[in-house]
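Engineer: Just passing along the structure, written as C-alpha cells.
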Amino acid sequence: MEISHFGERFSARTGIQELMDDLGSALSSGDKSYMLGGGNPALIPEISRIWRERMKDILAAEGDFDRMLGYYDSPQGKGEFLVAMAALLRENYGWEVSERNIAVTNGSQNAFFFFLNMFSGSTRGGRRRRILFPLVPEYIGYADQSAEEGSFVSNLPLIRETGDHEFKYFIDFDSLQVSHDIGAICVSRPTNPTGNVLTDAEITHLSELAAEHNIPLLIDNAYGTPFPHIIFEEVVPIWNEHVVMSMSLSKIGLPALRTGIVVARKEIVQAISSANAVMNLAIGGVGQALTLPLVRSGEILRLSREVVMPFYRQKSRQAIEWLHQALGNEVDYRIHRSEGSLFLWIWFKNLPIPTKELYRRLKRRSVFIIPGEYFFYGLSAPWEHREECIRLSYAQSDEVVREGIEIIADEVRSLIM
Ligand code: PLP
C-alpha cells in the first residue's frame, strides 16, 4: 500500500518507541525490573484518596454521573470548568484572563501536536517556518511531532558547574538567534528531562523576544505551578498575549484522563477549539468533572503545594543522596540541579561508551533509563555531551529507585575501572 508523506511520518518507528516497547515487554514479563525510564507520576496515597472520594460523590449525586458520561462537551471544554480555571488564574496570579482565554485538550501532548504544527511548516505565503527550542535537552515527546521534516531548530545551553557533583543549564542568549523563519519559541518549565527551571529572568527575556518578533512563546507547564507544582524553586509564573501556557492534570495523578489546559489569547483558543472539533469532536469530560470543585475552591493549589510538591522534593533529595553514595568519588559525574519535574539528569563526564550503549547494558540487568541523545533534536552539529547523559525517573518506590541506582553505579564503575 502506498501511504502519504504524513502517514509515513507518523507511522515510522522512532527510537523512543523502541524504548517504550522495551518498557512494555519488561513490565509484561513479570520479572523484577527497575522502571526508571518512563514519565509516569507516582500514586500518592493522599491524592489518590481524593480522586476516589470525588468519584464516589459524582456517583452519589443524582444525575452527575450520567451527565459526566452522557454528553459531548463543547470542543473548547466544559463552560463551568473554563470559568473556574480562569478565576483561579486571575485571583492567584493576576493574569487578565477570562474563559475565552482557556481551552481544554485531550492531554497536553495533543495540544503540542497542534501548536508545533500550527507555528511551523509551509505557510500560505510560501514561507517555511520553524520552532525554536532555545535550550536543549528538551522534552522527547516533541521530537517527532512535526508533520514537515526539518521544522525544529535548537540552541545548545551554557553549562555552569554549580556545586560538588552538580551543574545547571542556562539559555545561551548570546548565540540564540530568532531568525525570520521562526514561528514560535518553545520551552518546558520545569524541564523534562533535566529538572531545570528556567529563571524568571530567562522567561522574561524569551517573552520579550517573542513580543519583538510577534510570535508566541509556548511554555509547557506540565510540572509547574499552579498544579501539580512539582517545582522546588519559588518562581513567578507569567502570562501575556504572547505566551501560550499549557498545563495538564496528568502529573497530579490523572494521566489516564487525558486532560490538558491551554491559556492563550482568544484567537489561539479559538484555533485550538476548531482543531479539537476536527480531530476529536469533543474533549473528554471526566478530568474536568472530577477536578471542578477543587479548581473552584482553590483546593487544587493547596494539595499541589502541601502534598504533591513535598512528596517529590523528598524523593528527589533521597535519590540524589543514593546516587552520591553509590557513585562515590571514583566516578566523574554531575547531577543537574533538581529544581522540579520527576527526573534526575546525570552527566557522566568522559564515559568511555555512549549512553545508548549504557542503556543496553542496563537493560540486560532489568534497569531502564533513557539515554540522553534523544533529548537533543533540532541541532545542526554533533555534541558529545549528549552521549554522556541519562534521564532517570525517581517517581517509583524507594526500593526500586535505590536498587536501580546501585545497579547503574555498579555498571558505570565497571566501565571506568
Ligand atoms: N509535556 C511534558 C514536558 C511532559 O513531560 C509530558 C508527559 O510526560 C507531557 C507534556 C504530556 O502530558 P499529557 O499527559 O498532559 O499529554
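Here, A, B, ... name the chains of the C-alpha cells in the order displayed, residue numbers run from 1 inside each chain, and ligands are numbered from 1 in the same displayed order.
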What lies within 9 Å of A:Pro190 using only C-alpha atoms, ignoring chain neighbours under 6 positions off, as a list in words?
Structural biologist: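 After dropping sequence-adjacent residues, the list is Asn196, Val197, Leu198, Asp220, Asn221, Ala222, Tyr223, Gly224, Ile230, Ile231, Glu339, Gly340 and Ser341 of chain A.
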Engineer: What parts of stretch 10-70 of chain A does DSSP call alpha helix (DSSP H)? I'd like the answer as an MDAnalysis selection string.
Structural biologist: chainID A and resid 10:11 15:29 45:60 64:70
Engineer: Can you pull out the residues contacting stretch 150-166 of chain A? Cut-off 9 Å, using only C-alpha atoms, and skip same-chain residues under 3 positions away; I want them as a PyMOL selection string.
Structural biologist: chain A and resi 116-117+120-121+128-137+143+146-147+169-172+175-177+182+324+332-337+376-380
Engineer: Could you please write out, as a list in words, every residue of stretch 55-121 of chain A that DSSP assigns to strand (DSSP E)?
Structural biologist: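 DSSP-assigned strand (DSSP E) residues in stretch 55-121 of chain A: Ile102, Ala103, Val104, Thr105 and Gly121 of chain A.
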Engineer: Could you write out that same residue set with N, CA and C atoms as a PDB file, in the first residue's frame?
Structural biologist:
ATOM      1  N   ILE A 102      -9.207  30.238  27.718  1.00  0.00           N
ATOM      2  CA  ILE A 102      -8.872  28.876  28.155  1.00  0.00           C
ATOM      3  C   ILE A 102      -9.489  27.862  27.200  1.00  0.00           C
ATOM      4  N   ALA A 103      -8.704  26.845  26.848  1.00  0.00           N
ATOM      5  CA  ALA A 103      -9.256  25.708  26.097  1.00  0.00           C
ATOM      6  C   ALA A 103      -8.723  24.433  26.725  1.00  0.00           C
ATOM      7  N   VAL A 104      -9.553  23.412  26.705  1.00  0.00           N
ATOM      8  CA  VAL A 104      -9.137  22.107  27.228  1.00  0.00           C
ATOM      9  C   VAL A 104      -8.791  21.226  26.030  1.00  0.00           C
ATOM     10  N   THR A 105      -7.804  20.361  26.208  1.00  0.00           N
ATOM     11  CA  THR A 105      -7.441  19.436  25.124  1.00  0.00           C
ATOM     12  C   THR A 105      -7.357  18.020  25.701  1.00  0.00           C
ATOM     13  N   GLY A 121       6.251  24.804   9.557  1.00  0.00           N
ATOM     14  CA  GLY A 121       5.810  24.267   8.265  1.00  0.00           C
ATOM     15  C   GLY A 121       5.580  25.364   7.237  1.00  0.00           C
TER      16      GLY A 121
END
Engineer: Applying 8 Å and only C-alpha atoms, which residues near stretch 389-396 of chain A remain after dropping the ones on its own chain fewer than 3 positions away? List them as number ranges by chain.
Structural biologist: A: 35-42, 193-194, 312, 315-316, 319, 342-348, 355, 369-373, 385-386, 400-401
Engineer: Show me which residues sit within 8 Å of ligand 1 when counting only C-alpha atoms and all ligand atoms, and put them as a short mmCIF file (atom, residue, chain, number, x, y, z; two decimals) with N, CA, C and O atoms, in the first residue's frame.
Structural biologist:
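Saved file pocket_33.cif follows:
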data_model
loop_
_atom_site.label_atom_id
_atom_site.label_comp_id
_atom_site.auth_asym_id
_atom_site.auth_seq_id
_atom_site.Cartn_x
_atom_site.Cartn_y
_atom_site.Cartn_z
N GLY A 39 7.69 8.32 32.28
CA GLY A 39 7.32 9.61 32.88
C GLY A 39 6.05 9.51 33.71
O GLY A 39 5.37 10.50 33.91
N ASN A 40 5.74 8.27 34.14
CA ASN A 40 4.51 8.14 34.92
C ASN A 40 4.64 8.81 36.28
O ASN A 40 5.64 8.62 36.96
N ASN A 106 -7.31 17.04 24.80
CA ASN A 106 -7.18 15.65 25.28
C ASN A 106 -5.72 15.37 25.65
O ASN A 106 -5.02 14.63 24.98
N GLY A 107 -5.24 16.01 26.70
CA GLY A 107 -3.85 15.87 27.13
C GLY A 107 -3.02 17.00 26.55
O GLY A 107 -3.33 17.54 25.46
N SER A 108 -1.95 17.38 27.23
CA SER A 108 -1.16 18.48 26.69
C SER A 108 -0.32 18.02 25.51
O SER A 108 0.05 18.82 24.65
N GLN A 109 -0.08 16.71 25.41
CA GLN A 109 0.64 16.18 24.23
C GLN A 109 -0.14 16.55 22.96
O GLN A 109 0.44 16.97 21.95
N ASN A 110 -1.43 16.40 23.05
CA ASN A 110 -2.34 16.70 21.95
C ASN A 110 -2.29 18.20 21.60
O ASN A 110 -2.26 18.58 20.42
N ALA A 111 -2.22 19.04 22.62
CA ALA A 111 -2.13 20.49 22.38
C ALA A 111 -0.83 20.81 21.65
O ALA A 111 -0.81 21.61 20.70
N PHE A 112 0.26 20.16 22.07
CA PHE A 112 1.54 20.46 21.43
C PHE A 112 1.59 19.97 19.99
O PHE A 112 2.21 20.60 19.14
N TYR A 139 12.05 18.15 26.05
CA TYR A 139 11.10 17.03 26.14
C TYR A 139 11.09 16.15 24.88
O TYR A 139 10.86 16.64 23.77
N GLY A 141 8.99 14.11 23.88
CA GLY A 141 7.67 13.99 23.26
C GLY A 141 7.42 14.99 22.14
O GLY A 141 6.47 14.83 21.37
N SER A 188 9.86 23.77 28.02
CA SER A 188 9.11 23.19 29.14
C SER A 188 9.75 23.72 30.43
O SER A 188 10.96 23.86 30.53
N ARG A 189 8.88 24.05 31.39
CA ARG A 189 9.36 24.67 32.64
C ARG A 189 8.49 24.19 33.78
O ARG A 189 7.31 24.57 33.80
N PRO A 190 8.95 23.38 34.74
CA PRO A 190 10.23 22.69 34.79
C PRO A 190 10.44 21.82 33.54
O PRO A 190 9.49 21.37 32.92
N THR A 191 11.71 21.61 33.24
CA THR A 191 12.04 20.90 32.02
C THR A 191 12.11 19.39 32.25
O THR A 191 12.75 18.93 33.17
N ASN A 192 11.40 18.67 31.41
CA ASN A 192 11.63 17.25 31.24
C ASN A 192 12.63 17.19 30.09
O ASN A 192 12.32 17.72 29.03
N PRO A 193 13.83 16.67 30.24
CA PRO A 193 14.29 15.64 31.17
C PRO A 193 15.17 16.11 32.34
O PRO A 193 15.57 15.27 33.13
N ASP A 220 5.46 25.01 28.29
CA ASP A 220 4.87 23.74 28.70
C ASP A 220 5.04 23.62 30.21
O ASP A 220 6.13 23.40 30.73
N ASN A 221 3.91 23.76 30.88
CA ASN A 221 3.90 23.86 32.34
C ASN A 221 3.37 22.57 32.96
O ASN A 221 2.72 22.61 34.00
N ALA A 222 3.65 21.42 32.30
CA ALA A 222 3.07 20.15 32.75
C ALA A 222 3.43 19.81 34.20
O ALA A 222 2.67 19.13 34.89
N TYR A 223 4.60 20.29 34.66
CA TYR A 223 5.01 20.00 36.05
C TYR A 223 4.95 21.25 36.93
O TYR A 223 5.32 21.20 38.09
N MET A 247 -1.01 23.52 30.45
CA MET A 247 -0.99 22.82 31.74
C MET A 247 -1.65 21.44 31.56
O MET A 247 -2.20 21.16 30.49
N SER A 248 -1.59 20.63 32.61
CA SER A 248 -2.07 19.26 32.46
C SER A 248 -2.54 18.73 33.81
O SER A 248 -2.00 19.10 34.85
N LEU A 249 -3.54 17.85 33.76
CA LEU A 249 -3.94 17.17 35.00
C LEU A 249 -3.14 15.87 35.20
O LEU A 249 -3.33 15.19 36.19
N SER A 250 -2.25 15.54 34.26
CA SER A 250 -1.60 14.23 34.32
C SER A 250 -0.72 14.06 35.55
O SER A 250 -0.78 13.05 36.24
N LYS A 251 0.13 15.05 35.81
CA LYS A 251 1.16 14.81 36.82
C LYS A 251 0.64 15.04 38.24
O LYS A 251 1.36 14.84 39.21
N PRO A 255 -3.13 10.84 34.75
CA PRO A 255 -2.69 10.77 33.35
C PRO A 255 -3.68 10.04 32.45
O PRO A 255 -3.76 10.33 31.26
N ALA A 256 -4.46 9.12 33.00
CA ALA A 256 -5.37 8.35 32.15
C ALA A 256 -6.57 9.19 31.71
O ALA A 256 -7.27 8.80 30.78
N ARG A 258 -6.45 12.16 30.38
CA ARG A 258 -6.05 12.91 29.18
C ARG A 258 -6.67 14.30 29.16
O ARG A 258 -7.51 14.61 28.32
N THR A 259 -6.25 15.12 30.13
CA THR A 259 -6.79 16.48 30.18
C THR A 259 -5.66 17.50 30.18
O THR A 259 -4.86 17.55 31.14
N GLY A 260 -5.57 18.25 29.12
CA GLY A 260 -4.62 19.36 29.04
C GLY A 260 -5.41 20.67 29.06
O GLY A 260 -6.59 20.71 28.70
N SER A 341 10.00 18.74 38.29
CA SER A 341 9.67 17.55 37.48
C SER A 341 9.98 16.27 38.26
O SER A 341 10.29 16.32 39.44
#
Engineer: Quick one: residues within 9 Å of A:Ala277, only C-alpha atoms, excluding same-chain residues fewer than 6 positions away - as a compact mmCIF listing (two decimals) with all heavy atoms, in the first residue's frame?
Structural biologist:
# COMPACT_ATOMS: atom_id res chain seq x y z
N SER A 74 -18.54 20.97 24.62
CA SER A 74 -18.08 21.86 23.54
C SER A 74 -16.60 21.57 23.28
O SER A 74 -15.87 21.19 24.20
CB SER A 74 -18.27 23.31 23.99
OG SER A 74 -17.05 24.00 23.96
N PRO A 75 -16.13 21.78 22.04
CA PRO A 75 -14.71 21.47 21.76
C PRO A 75 -13.74 22.39 22.50
O PRO A 75 -12.54 22.12 22.51
CB PRO A 75 -14.60 21.63 20.25
CG PRO A 75 -15.83 22.29 19.79
CD PRO A 75 -16.88 22.13 20.83
N GLN A 76 -14.24 23.44 23.14
CA GLN A 76 -13.33 24.28 23.94
C GLN A 76 -13.20 23.72 25.36
O GLN A 76 -12.25 24.04 26.08
CB GLN A 76 -13.87 25.72 23.99
CG GLN A 76 -12.87 26.71 24.56
CD GLN A 76 -13.46 28.11 24.70
OE1 GLN A 76 -14.41 28.46 24.00
NE2 GLN A 76 -12.90 28.90 25.59
N ILE A 283 -14.06 17.03 23.82
CA ILE A 283 -12.97 16.75 24.75
C ILE A 283 -13.49 15.83 25.85
O ILE A 283 -14.61 16.01 26.33
CB ILE A 283 -12.49 18.09 25.35
CG1 ILE A 283 -11.92 18.97 24.25
CG2 ILE A 283 -11.49 17.90 26.46
CD1 ILE A 283 -10.82 18.31 23.46
